Amino acid sequence: GPAVAVRDLHVSLDGVPILAGVDLTVAPGEWVTVIGPNGAGKSTLLRAVGGLLATPGAVSLFGTPSEALRRRDRARVVATVAQSPVVPPGMTVLDYVLLGRTPYIPPLGRESAADLAAAHDVLDRLDLTGFHDRELATLSGGERQRVFLARALAQGATLLLLDEPTSALDIGHQQEVLELVDQLRRAHGLTVLATMHDLSVAGEYADRMVLLADGRVVASGTPREVLTEQLLAEHYRASVRVVDG
Ligand code: ADP
Ligand code: MG
Ligand code: MG
């Protein structure tokens, strides 16, 4: 079955309808990117898929209804990188990545050798060897983004939810981070559901795209099918530049 199945998802926040009947399927190993203008509901959709909002009957992950997943089970299935993750003051890179292991381990400082090995492994793979003792707050935007990914990967989940993983980065680093996610996806058979507002490189890294506007899916298909001038002109109010090729 699908990694993610969303059926007729309605979400209201403070009495305001935000998502108005969203359907979405992501196959295992697939990368689907949700695009859409600011306020379309992208983050809300990701939060719903990640289990941060109650979605009775509307969301299943790998065949299990979301509400049937207990916290630890969910942590083994899905890892989320929020749009602007909180950067805990004074925390080192290694401690932050170890937080990704908390579904498995007792509080920080009592982690097992296996948990430490897992954290070191992802830090190495993300080219962050030598950053272990750095304070998270002192890193550049690109380095920090890689640490956020490292924490999600350390969790060992098979589904990655990435909310605008490149929004803080210049275009070179956007490509670098997305390339890295793609390599990890292929190497480990991960499934990726991402959101992106900036479209300059988004199309290169998605198998499929979903265009969300005003809480509804208004188009879905290959990046080529969705990133058309007509659809973007219709749904992205502000000026949007799609880099060709
Ligand atoms: P996007 O990620 O596409 O920019 P969001 O999912 O963050 O969109 O927000 C969608 C809409 O929901 C916006 O209009 C936003 O103002 C509104 N919204 C988000 N969170 C809340 C909340 N907690 N209460 C009320 N409205 C909210
Ligand atoms: Mg937004
Ligand atoms: Mg958002």
# chains A, B, ... in the order shown; residues from 1 in each chain; ligands from 1
$ select_by_dssp --residues "range 155-219 of chain A" --states "helix (DSSP H, G or I)" --output "PyMOL selection string"
chain A and resi 171-188+202-205
$ write_last_selection --atoms "N, CA and C atoms" --output "mmCIF file, in the first residue's frame"
data_model
loop_
_atom_site.group_PDB
_atom_site.id
_atom_site.type_symbol
_atom_site.label_atom_id
_atom_site.label_comp_id
_atom_site.auth_asym_id
_atom_site.auth_seq_id
_atom_site.Cartn_x
_atom_site.Cartn_y
_atom_site.Cartn_z
ATOM 1 N N ILE A 171 20.627 29.707 -3.694
ATOM 2 C CA ILE A 171 20.272 28.679 -4.662
ATOM 3 C C ILE A 171 21.289 27.545 -4.724
ATOM 4 N N GLY A 172 22.568 27.849 -4.549
ATOM 5 C CA GLY A 172 23.589 26.799 -4.566
ATOM 6 C C GLY A 172 23.387 25.807 -3.444
ATOM 7 N N HIS A 173 23.088 26.337 -2.263
ATOM 8 C CA HIS A 173 22.881 25.461 -1.120
ATOM 9 C C HIS A 173 21.536 24.742 -1.194
ATOM 10 N N GLN A 174 20.557 25.362 -1.842
ATOM 11 C CA GLN A 174 19.279 24.670 -2.050
ATOM 12 C C GLN A 174 19.518 23.378 -2.801
ATOM 13 N N GLN A 175 20.276 23.499 -3.888
ATOM 14 C CA GLN A 175 20.548 22.331 -4.709
ATOM 15 C C GLN A 175 21.323 21.278 -3.921
ATOM 16 N N GLU A 176 22.302 21.737 -3.150
ATOM 17 C CA GLU A 176 23.133 20.828 -2.364
ATOM 18 C C GLU A 176 22.288 20.020 -1.384
ATOM 19 N N VAL A 177 21.409 20.700 -0.665
ATOM 20 C CA VAL A 177 20.590 20.022 0.346
ATOM 21 C C VAL A 177 19.611 19.045 -0.320
ATOM 22 N N LEU A 178 18.993 19.472 -1.413
ATOM 23 C CA LEU A 178 18.031 18.596 -2.083
ATOM 24 C C LEU A 178 18.719 17.392 -2.716
ATOM 25 N N GLU A 179 19.909 17.626 -3.260
ATOM 26 C CA GLU A 179 20.696 16.534 -3.834
ATOM 27 C C GLU A 179 21.006 15.489 -2.761
ATOM 28 N N LEU A 180 21.360 15.988 -1.606
ATOM 29 C CA LEU A 180 21.683 15.109 -0.478
ATOM 30 C C LEU A 180 20.472 14.285 -0.059
ATOM 31 N N VAL A 181 19.325 14.927 0.048
ATOM 32 C CA VAL A 181 18.102 14.206 0.408
ATOM 33 C C VAL A 181 17.826 13.122 -0.629
ATOM 34 N N ASP A 182 18.025 13.465 -1.893
ATOM 35 C CA ASP A 182 17.749 12.519 -2.966
ATOM 36 C C ASP A 182 18.693 11.312 -2.892
ATOM 37 N N GLN A 183 19.971 11.570 -2.620
ATOM 38 C CA GLN A 183 20.936 10.467 -2.477
ATOM 39 C C GLN A 183 20.539 9.547 -1.331
ATOM 40 N N LEU A 184 20.164 10.158 -0.216
ATOM 41 C CA LEU A 184 19.789 9.363 0.957
ATOM 42 C C LEU A 184 18.516 8.576 0.675
ATOM 43 N N ARG A 185 17.604 9.212 -0.039
ATOM 44 C CA ARG A 185 16.365 8.525 -0.402
ATOM 45 C C ARG A 185 16.677 7.273 -1.210
ATOM 46 N N ARG A 186 17.539 7.424 -2.205
ATOM 47 C CA ARG A 186 17.856 6.281 -3.069
ATOM 48 C C ARG A 186 18.636 5.218 -2.307
ATOM 49 N N ALA A 187 19.563 5.662 -1.461
ATOM 50 C CA ALA A 187 20.409 4.707 -0.734
ATOM 51 C C ALA A 187 19.598 3.916 0.295
ATOM 52 N N HIS A 188 18.591 4.541 0.875
ATOM 53 C CA HIS A 188 17.896 3.906 2.001
ATOM 54 C C HIS A 188 16.424 3.635 1.724
ATOM 55 N N ALA A 202 12.794 23.215 -7.329
ATOM 56 C CA ALA A 202 11.895 22.197 -6.772
ATOM 57 C C ALA A 202 11.607 21.083 -7.767
ATOM 58 N N GLY A 203 11.417 21.429 -9.029
ATOM 59 C CA GLY A 203 11.006 20.464 -10.030
ATOM 60 C C GLY A 203 12.031 19.392 -10.313
ATOM 61 N N GLU A 204 13.296 19.695 -10.052
ATOM 62 C CA GLU A 204 14.359 18.739 -10.361
ATOM 63 C C GLU A 204 14.367 17.566 -9.388
ATOM 64 N N TYR A 205 13.725 17.725 -8.254
ATOM 65 C CA TYR A 205 13.877 16.719 -7.205
ATOM 66 C C TYR A 205 12.573 16.039 -6.818
#
$ select_by_dssp --residues "range 1-238 of chain A" --states "strand (DSSP E)" --output "PyMOL selection string"
chain A and resi 4-13+16-26+31-35+59-61+64-65+78-81+159-163+191-196+208-213+216-221
$ write_last_selection --atoms "C-alpha atoms" --output "tab-separated table (two decimals), in the first residue's frame"
chain	number	residue	atom	x	y	z
A	4	VAL	CA	0.96	8.16	2.74
A	5	ALA	CA	-2.74	8.11	1.98
A	6	VAL	CA	-4.78	11.25	2.63
A	7	ARG	CA	-8.48	11.07	1.89
A	8	ASP	CA	-10.80	14.06	1.93
A	9	LEU	CA	-8.85	15.86	4.64
A	10	HIS	CA	-10.57	18.83	6.18
A	11	VAL	CA	-8.78	20.97	8.76
A	12	SER	CA	-10.11	24.05	10.47
A	13	LEU	CA	-8.01	26.16	12.82
A	16	VAL	CA	-11.33	28.92	9.95
A	17	PRO	CA	-11.28	26.24	7.23
A	18	ILE	CA	-7.66	25.77	6.14
A	19	LEU	CA	-7.78	22.49	4.23
A	20	ALA	CA	-10.99	21.79	2.36
A	21	GLY	CA	-10.99	18.18	1.18
A	22	VAL	CA	-7.42	17.26	0.28
A	23	ASP	CA	-6.53	13.92	-1.30
A	24	LEU	CA	-2.91	12.86	-1.58
A	25	THR	CA	-1.08	9.58	-2.09
A	26	VAL	CA	2.64	8.97	-1.85
A	31	TRP	CA	9.31	11.98	-3.63
A	32	VAL	CA	6.25	14.20	-3.79
A	33	THR	CA	6.53	17.96	-3.41
A	34	VAL	CA	3.60	20.16	-2.46
A	35	ILE	CA	3.86	23.65	-3.87
A	59	VAL	CA	-4.67	9.95	7.06
A	60	SER	CA	-3.01	6.54	6.83
A	61	LEU	CA	0.72	5.85	6.95
A	64	THR	CA	-2.15	2.12	9.34
A	65	PRO	CA	-4.69	4.81	10.22
A	78	VAL	CA	7.81	9.33	10.15
A	79	ALA	CA	10.41	12.04	10.78
A	80	THR	CA	9.60	15.71	10.30
A	81	VAL	CA	11.78	18.72	9.64
A	159	LEU	CA	9.10	8.64	5.64
A	160	LEU	CA	10.62	12.12	5.68
A	161	LEU	CA	8.35	15.15	5.90
A	162	LEU	CA	10.28	18.27	4.92
A	163	ASP	CA	8.56	21.63	5.24
A	191	THR	CA	9.86	8.21	0.99
A	192	VAL	CA	9.88	12.01	0.83
A	193	LEU	CA	6.95	14.38	1.16
A	194	ALA	CA	8.19	17.96	0.96
A	195	THR	CA	6.71	21.40	0.62
A	196	MET	CA	8.37	24.20	-1.28
A	208	ARG	CA	5.38	14.22	-8.62
A	209	MET	CA	4.10	17.62	-7.60
A	210	VAL	CA	0.88	18.75	-6.04
A	211	LEU	CA	-0.24	22.35	-6.36
A	212	LEU	CA	-2.20	23.49	-3.34
A	213	ALA	CA	-4.17	26.74	-3.37
A	216	ARG	CA	-7.42	22.52	-2.17
A	217	VAL	CA	-5.38	20.47	-4.62
A	218	VAL	CA	-5.74	22.34	-7.90
A	219	ALA	CA	-3.24	20.32	-9.93
A	220	SER	CA	-1.04	17.27	-9.59
A	221	GLY	CA	1.26	15.38	-11.89
$ residues_around --residues "range 82-86 of chain A" --least-positions-apart "3" --cutoff "9 Å" --atoms "only C-alpha atoms" --output "number ranges by chain"
A: 43, 46-47, 148, 161-165, 167-168
$ closest_residue --among "A:Gly1, A:Gly156, A:Gly36, A:Pro56" --to "ligand 3" --atoms "only C-alpha atoms and all ligand atoms"
A:Gly36
$ residues_around --residues "Pro88 in chain A" --least-positions-apart "5" --cutoff "10 Å" --atoms "only C-alpha atoms" --output "short mmCIF file (atom, residue, chain, number, x, y, z; two decimals) with N, CA and C atoms, in the first residue's frame"
data_model
loop_
_atom_site.label_atom_id
_atom_site.label_comp_id
_atom_site.auth_asym_id
_atom_site.auth_seq_id
_atom_site.Cartn_x
_atom_site.Cartn_y
_atom_site.Cartn_z
N TYR A 96 21.83 17.58 19.66
CA TYR A 96 20.62 17.82 18.88
C TYR A 96 20.28 16.60 18.02
N GLU A 135 28.08 24.63 18.79
CA GLU A 135 26.73 25.02 19.19
C GLU A 135 25.90 25.25 17.94
N LEU A 136 24.72 24.68 17.95
CA LEU A 136 23.82 24.78 16.80
C LEU A 136 23.62 26.23 16.35
N ALA A 137 23.51 27.10 17.34
CA ALA A 137 23.22 28.51 17.03
C ALA A 137 24.34 29.19 16.27
#
$ atom_distance --atom1 "CA of Arg151 in chain A" --atom2 "CA of Gly29 in chain A"
19.8 Å
$ residues_near_ligand --ligand "ligand 1" --cutoff "6 Å" --atoms "only C-alpha atoms and all ligand atoms" --output "ChimeraX atom specification"
/A:13-14,18,38-44
$ residues_around --residues "Glu67 in chain A" --least-positions-apart "6" --cutoff "8 Å" --atoms "only C-alpha atoms" --output "CSV table (one decimal) with N, CA and C atoms, in the first residue's frame"
chain,number,residue,atom,x,y,z
A,51,GLY,N,1.0,13.9,12.1
A,51,GLY,CA,0.3,13.5,13.3
A,51,GLY,C,0.2,14.6,14.3
A,54,ALA,N,-5.2,16.5,14.7
A,54,ALA,CA,-6.1,15.3,14.7
A,54,ALA,C,-6.8,15.3,13.3
A,55,THR,N,-6.8,14.1,12.7
A,55,THR,CA,-7.3,13.9,11.4
A,55,THR,C,-8.1,12.6,11.3
A,56,PRO,N,-9.2,12.5,12.1
A,56,PRO,CA,-9.9,11.2,12.2
A,56,PRO,C,-10.3,10.7,10.9
A,57,GLY,N,-9.7,9.5,10.6
A,57,GLY,CA,-10.1,8.8,9.4
A,57,GLY,C,-9.5,9.2,8.1
$ closest_residue --among "A:Ala27, A:Leu149, A:Ala206, A:Ala48" --to "Pro223 in chain A" --atoms "only C-alpha atoms"
A:Ala206
$ atom_distance --atom1 "CA of Val122 in chain A" --atom2 "CA of Ala150 in chain A"
5.7 Å
$ atom_distance --atom1 "CA of Arg146 in chain A" --atom2 "CA of Thr158 in chain A"
17.7 Å
$ closest_residue --among "A:Ala157, A:Leu231, A:Val201, A:Leu45" --to "Arg72 in chain A" --atoms "only C-alpha atoms"
A:Ala157
